[in-house]
Amino acid sequence: MTLTAENTAIVLDSTADFPDAPERYANFRVVPLYVLFGSESFADYVEMSPGQFYERLQSSDVLPTTSQPTPGDFLAVYEELAPQYERILVLTLSSTLSGTFGSAQAAAGMLGGDTVRVIDTRTVSASLSLLALGVQHRLERGTTEDEIDEFVARYQRDHHLLFTVNTLEYLAKGGRIGRAAAFAGNLLNVKPILALRDGEVIPLKRVRGNHKAFAEFRDHFVATSTDSPSLKVGIAHAAAPERLEALRELVQHERPQAQVEIETTLGAVVGTHAGPGTVGFFWFDDE
């Protein structure tokens with residue numbers, strides 16, 4: 001079977017930080033996770049925008065928590081799409097970070113048949129969006145299940161994801177810190193350079209100040225990429241638009257032919273675990 005954008009839908013969860021995906025692509029849908037302030041629950045991007053979240057985070061005495069979508073949340077989207085599409089590809093954040101993958105799978109079983117396929121992307125945020133866009137580009141020219149499988153496997157193996165946070169406090173409290181726990185501490189102005197591998201946050205380096213953090217981003221970007229239109233880039237920030245702008249300028253200077261495919265603000269769910277001031281840098285050469 002040839003998969004196309006006309007016969008195949010893509011479903012993301014909201015941690016892809018790509019809320020306008022359905023506006024840009026008719027075959028995209030987004031299922032929200034939830035952020036909770038005490039007993040109050042809000043659907044990510046739907047009931048709480050990133051701006052509202054970071055404003056409330058500053059004034060709240062209660063640190064937020066997050067919750068995965070229910071199988072029913074996914075099932076409602078599948079039931080909407082099934083009459084229109086022969087295949088539904090569901091791309092979720094890493095199963096090591098959330099039970100969202102399990103909810104998506106459970107809903108596929110509830111729908112029955114083989115229309116829905118759920119893929120554990122092993123990544124998150126704009127990196128997940130870059131993967132989804134790569135799948136969409138293949139659908140637009142016509143593709144196969146085998147080619148999608150090969151692409152997803154190559155993306156998981158070869159893509160790059162770096163981020164830095166203002167503090168490890170949010171990752172630690174959310175239980176998402178992994179081996180980066182060794183970087184914990186209150187050294188003045190120290191910025192950890194972190195990566196995500198197989199769904200675990202791992203430390204790469206610790207530097208002092210934003211300037212040196214961006215120098216590390218630049219060095220790693222230049223060392224692992226070549227200037228080509230096939231180089232796809234994503235940038236994400238948490239209430240730090242000036243850092244997004246700095247990364248955009250970095251890409252334009254070092255790799256002028258690269259395509260910045262997505263620039264986004266971390267939503268409430270990812271922002272709960274990363275914290276304000278976080279900036280993420282993602283790239284992949286889609287040869």
# chains A, B, ... in the order shown; residues from 1 in each chain; ligands from 1

call {"tool": "select_by_dssp", "arguments": {"residues": "stretch 45-169 of chain A", "states": "strand (DSSP E or B)", "output": "JSON, numbers by chain"}}
result
{"A": [48, 65, 66, 67, 87, 88, 89, 90, 91, 92, 116, 117, 118, 119, 120, 143, 160, 161, 162, 163, 164]}

call {"tool": "write_last_selection", "arguments": {"atoms": "N, CA, C and O atoms", "output": "mmCIF file, in the first residue's frame"}}
result
data_model
loop_
_atom_site.group_PDB
_atom_site.id
_atom_site.type_symbol
_atom_site.label_atom_id
_atom_site.label_comp_id
_atom_site.auth_asym_id
_atom_site.auth_seq_id
_atom_site.Cartn_x
_atom_site.Cartn_y
_atom_site.Cartn_z
ATOM 1 N N MET A 48 -4.669 25.824 28.605
ATOM 2 C CA MET A 48 -3.604 26.652 29.173
ATOM 3 C C MET A 48 -2.511 26.843 28.126
ATOM 4 O O MET A 48 -1.871 25.883 27.708
ATOM 5 N N THR A 65 2.234 19.568 38.402
ATOM 6 C CA THR A 65 2.551 18.201 37.996
ATOM 7 C C THR A 65 1.888 17.957 36.646
ATOM 8 O O THR A 65 1.135 18.798 36.147
ATOM 9 N N THR A 66 2.160 16.809 36.057
ATOM 10 C CA THR A 66 1.589 16.506 34.743
ATOM 11 C C THR A 66 0.943 15.139 34.739
ATOM 12 O O THR A 66 1.227 14.283 35.586
ATOM 13 N N SER A 67 0.071 14.939 33.755
ATOM 14 C CA SER A 67 -0.640 13.671 33.625
ATOM 15 C C SER A 67 -0.799 13.341 32.147
ATOM 16 O O SER A 67 -1.005 14.236 31.317
ATOM 17 N N ARG A 87 -4.960 4.769 7.209
ATOM 18 C CA ARG A 87 -3.932 4.509 8.217
ATOM 19 C C ARG A 87 -3.827 5.713 9.143
ATOM 20 O O ARG A 87 -3.977 6.865 8.723
ATOM 21 N N ILE A 88 -3.540 5.440 10.409
ATOM 22 C CA ILE A 88 -3.312 6.487 11.403
ATOM 23 C C ILE A 88 -1.984 6.176 12.089
ATOM 24 O O ILE A 88 -1.845 5.142 12.750
ATOM 25 N N LEU A 89 -1.005 7.044 11.894
ATOM 26 C CA LEU A 89 0.296 6.895 12.537
ATOM 27 C C LEU A 89 0.334 7.791 13.770
ATOM 28 O O LEU A 89 0.128 9.003 13.664
ATOM 29 N N VAL A 90 0.585 7.198 14.912
ATOM 30 C CA VAL A 90 0.600 7.934 16.179
ATOM 31 C C VAL A 90 2.043 8.015 16.663
ATOM 32 O O VAL A 90 2.686 6.982 16.883
ATOM 33 N N LEU A 91 2.544 9.231 16.812
ATOM 34 C CA LEU A 91 3.920 9.454 17.252
ATOM 35 C C LEU A 91 3.879 10.058 18.646
ATOM 36 O O LEU A 91 3.458 11.209 18.818
ATOM 37 N N THR A 92 4.305 9.290 19.646
ATOM 38 C CA THR A 92 4.252 9.766 21.030
ATOM 39 C C THR A 92 5.644 10.045 21.565
ATOM 40 O O THR A 92 6.646 9.518 21.073
ATOM 41 N N VAL A 116 -4.660 1.759 13.126
ATOM 42 C CA VAL A 116 -3.781 2.603 13.955
ATOM 43 C C VAL A 116 -2.461 1.903 14.217
ATOM 44 O O VAL A 116 -2.421 0.721 14.570
ATOM 45 N N ARG A 117 -1.387 2.659 14.059
ATOM 46 C CA ARG A 117 -0.063 2.174 14.444
ATOM 47 C C ARG A 117 0.573 3.195 15.362
ATOM 48 O O ARG A 117 0.660 4.381 15.016
ATOM 49 N N VAL A 118 0.998 2.766 16.536
ATOM 50 C CA VAL A 118 1.574 3.662 17.531
ATOM 51 C C VAL A 118 3.085 3.468 17.556
ATOM 52 O O VAL A 118 3.574 2.342 17.674
ATOM 53 N N ILE A 119 3.823 4.577 17.449
ATOM 54 C CA ILE A 119 5.284 4.548 17.403
ATOM 55 C C ILE A 119 5.848 5.276 18.618
ATOM 56 O O ILE A 119 5.498 6.433 18.870
ATOM 57 N N ASP A 120 6.691 4.582 19.368
ATOM 58 C CA ASP A 120 7.406 5.195 20.484
ATOM 59 C C ASP A 120 8.619 5.912 19.906
ATOM 60 O O ASP A 120 9.595 5.287 19.500
ATOM 61 N N THR A 143 4.796 7.078 0.045
ATOM 62 C CA THR A 143 5.794 6.286 0.751
ATOM 63 C C THR A 143 5.205 4.924 1.130
ATOM 64 O O THR A 143 4.074 4.606 0.745
ATOM 65 N N HIS A 160 20.129 14.857 16.618
ATOM 66 C CA HIS A 160 20.843 15.477 17.735
ATOM 67 C C HIS A 160 19.885 16.341 18.536
ATOM 68 O O HIS A 160 19.051 17.061 17.975
ATOM 69 N N LEU A 161 20.024 16.265 19.845
ATOM 70 C CA LEU A 161 19.159 16.999 20.769
ATOM 71 C C LEU A 161 20.021 17.493 21.914
ATOM 72 O O LEU A 161 20.600 16.702 22.651
ATOM 73 N N LEU A 162 20.126 18.801 22.034
ATOM 74 C CA LEU A 162 20.832 19.421 23.152
ATOM 75 C C LEU A 162 19.900 20.406 23.843
ATOM 76 O O LEU A 162 19.089 21.062 23.188
ATOM 77 N N PHE A 163 20.002 20.510 25.143
ATOM 78 C CA PHE A 163 19.271 21.562 25.833
ATOM 79 C C PHE A 163 20.011 21.972 27.094
ATOM 80 O O PHE A 163 20.865 21.241 27.607
ATOM 81 N N THR A 164 19.709 23.163 27.527
ATOM 82 C CA THR A 164 20.264 23.640 28.784
ATOM 83 C C THR A 164 19.138 24.253 29.602
ATOM 84 O O THR A 164 18.172 24.788 29.038
#

call {"tool": "residues_around", "arguments": {"residues": "A:Thr70", "least_positions_apart": "6", "cutoff": "12 Å", "atoms": "only C-alpha atoms", "output": "PyMOL selection string"}}
result
chain A and resi 13+31-34+43+76-77+98-107

call {"tool": "write_last_selection", "arguments": {"atoms": "C-alpha atoms", "output": "mmCIF file, in the first residue's frame"}}
result
data_model
loop_
_atom_site.group_PDB
_atom_site.id
_atom_site.type_symbol
_atom_site.label_atom_id
_atom_site.label_comp_id
_atom_site.auth_asym_id
_atom_site.auth_seq_id
_atom_site.Cartn_x
_atom_site.Cartn_y
_atom_site.Cartn_z
ATOM 1 C CA ASP A 13 0.737 14.324 21.640
ATOM 2 C CA VAL A 31 -3.855 14.905 21.742
ATOM 3 C CA PRO A 32 -3.115 17.013 24.843
ATOM 4 C CA LEU A 33 -1.481 15.895 28.048
ATOM 5 C CA TYR A 34 -2.533 17.643 31.260
ATOM 6 C CA ALA A 43 -5.313 20.405 28.869
ATOM 7 C CA ALA A 76 -11.962 10.023 20.368
ATOM 8 C CA VAL A 77 -9.342 11.236 17.876
ATOM 9 C CA SER A 98 5.433 9.131 30.158
ATOM 10 C CA GLY A 99 2.646 6.589 29.965
ATOM 11 C CA THR A 100 1.262 8.379 26.904
ATOM 12 C CA PHE A 101 2.521 5.642 24.570
ATOM 13 C CA GLY A 102 0.607 3.064 26.630
ATOM 14 C CA SER A 103 -2.605 5.107 26.481
ATOM 15 C CA ALA A 104 -2.272 5.459 22.706
ATOM 16 C CA GLN A 105 -1.750 1.704 22.341
ATOM 17 C CA ALA A 106 -4.699 0.892 24.602
ATOM 18 C CA ALA A 107 -6.943 3.130 22.509
#

call {"tool": "residues_around", "arguments": {"residues": "stretch 268-283 of chain A", "least_positions_apart": "3", "cutoff": "6 Å", "atoms": "only C-alpha atoms", "output": "VMD selection string"}}
result
chain A and resid 35 44 50 53 127 159 to 166 170 to 171 174 232 to 240

call {"tool": "select_by_dssp", "arguments": {"residues": "stretch 83-270 of chain A", "states": "helix (DSSP H, G or I)", "output": "count of residues only"}}
result
84

call {"tool": "closest_atom_pairs", "arguments": {"of": "stretch 71-131 of chain A", "to": "stretch 193-210 of chain A", "cutoff": "6 Å", "atoms": "only C-alpha atoms", "output": "CSV"}}
result
residue,atom,partner,partner_atom,distance
A:Ser94,CA,A:Gly199,CA,5.5
A:Thr96,CA,A:Gly199,CA,5.3
A:Arg122,CA,A:Gly199,CA,5.3

call {"tool": "write_last_selection", "arguments": {"atoms": "all heavy atoms", "output": "mmCIF file, in the first residue's frame"}}
result
data_model
loop_
_atom_site.group_PDB
_atom_site.id
_atom_site.type_symbol
_atom_site.label_atom_id
_atom_site.label_comp_id
_atom_site.auth_asym_id
_atom_site.auth_seq_id
_atom_site.Cartn_x
_atom_site.Cartn_y
_atom_site.Cartn_z
ATOM 1 N N SER A 94 8.725 9.744 24.258
ATOM 2 C CA SER A 94 9.365 8.521 24.718
ATOM 3 C C SER A 94 8.571 7.839 25.835
ATOM 4 O O SER A 94 8.123 8.484 26.785
ATOM 5 C CB SER A 94 10.772 8.833 25.226
ATOM 6 O OG SER A 94 11.389 7.665 25.719
ATOM 7 N N THR A 96 9.708 6.086 28.082
ATOM 8 C CA THR A 96 10.436 6.147 29.349
ATOM 9 C C THR A 96 10.135 7.424 30.121
ATOM 10 O O THR A 96 10.461 7.527 31.302
ATOM 11 C CB THR A 96 11.953 6.056 29.119
ATOM 12 O OG1 THR A 96 12.370 7.174 28.331
ATOM 13 C CG2 THR A 96 12.323 4.767 28.407
ATOM 14 N N ARG A 122 10.898 7.825 21.225
ATOM 15 C CA ARG A 122 12.080 7.907 22.091
ATOM 16 C C ARG A 122 12.628 9.331 22.214
ATOM 17 O O ARG A 122 13.768 9.541 22.591
ATOM 18 C CB ARG A 122 13.198 6.970 21.606
ATOM 19 C CG ARG A 122 12.770 5.557 21.313
ATOM 20 C CD ARG A 122 12.321 4.814 22.543
ATOM 21 N NE ARG A 122 13.430 4.497 23.435
ATOM 22 C CZ ARG A 122 13.297 3.878 24.605
ATOM 23 N NH1 ARG A 122 12.091 3.541 25.036
ATOM 24 N NH2 ARG A 122 14.343 3.636 25.356
#

call {"tool": "residues_around", "arguments": {"residues": "stretch 16-23 of chain A", "least_positions_apart": "3", "cutoff": "8 Å", "atoms": "only C-alpha atoms", "output": "number ranges by chain"}}
result
A: 12-13, 26-30, 45, 93, 124-129, 264-267

call {"tool": "atom_distance", "arguments": {"atom1": "atom CA of A:Val222", "atom2": "atom CA of A:Gln257"}}
result
13.2 Å

call {"tool": "atom_distance", "arguments": {"atom1": "atom CA of A:Pro229", "atom2": "atom CA of A:Met1"}}
result
29.5 Å

call {"tool": "closest_residue", "arguments": {"among": "A:Ser230, A:Ser60, A:Thr123, A:Gln259", "to": "A:Tyr155", "atoms": "only C-alpha atoms"}}
result
A:Thr123

call {"tool": "closest_residue", "arguments": {"among": "A:Thr15, A:His220, A:Gly134, A:Ile148", "to": "A:Leu97", "atoms": "only C-alpha atoms"}}
result
A:Thr15

call {"tool": "closest_residue", "arguments": {"among": "A:Phe284, A:Phe151, A:Phe214, A:Tyr78", "to": "A:Leu250", "atoms": "only C-alpha atoms"}}
result
A:Phe214

call {"tool": "closest_residue", "arguments": {"among": "A:Ala258, A:Ile10, A:Leu111, A:Leu75", "to": "A:Leu131", "atoms": "only C-alpha atoms"}}
result
A:Ile10
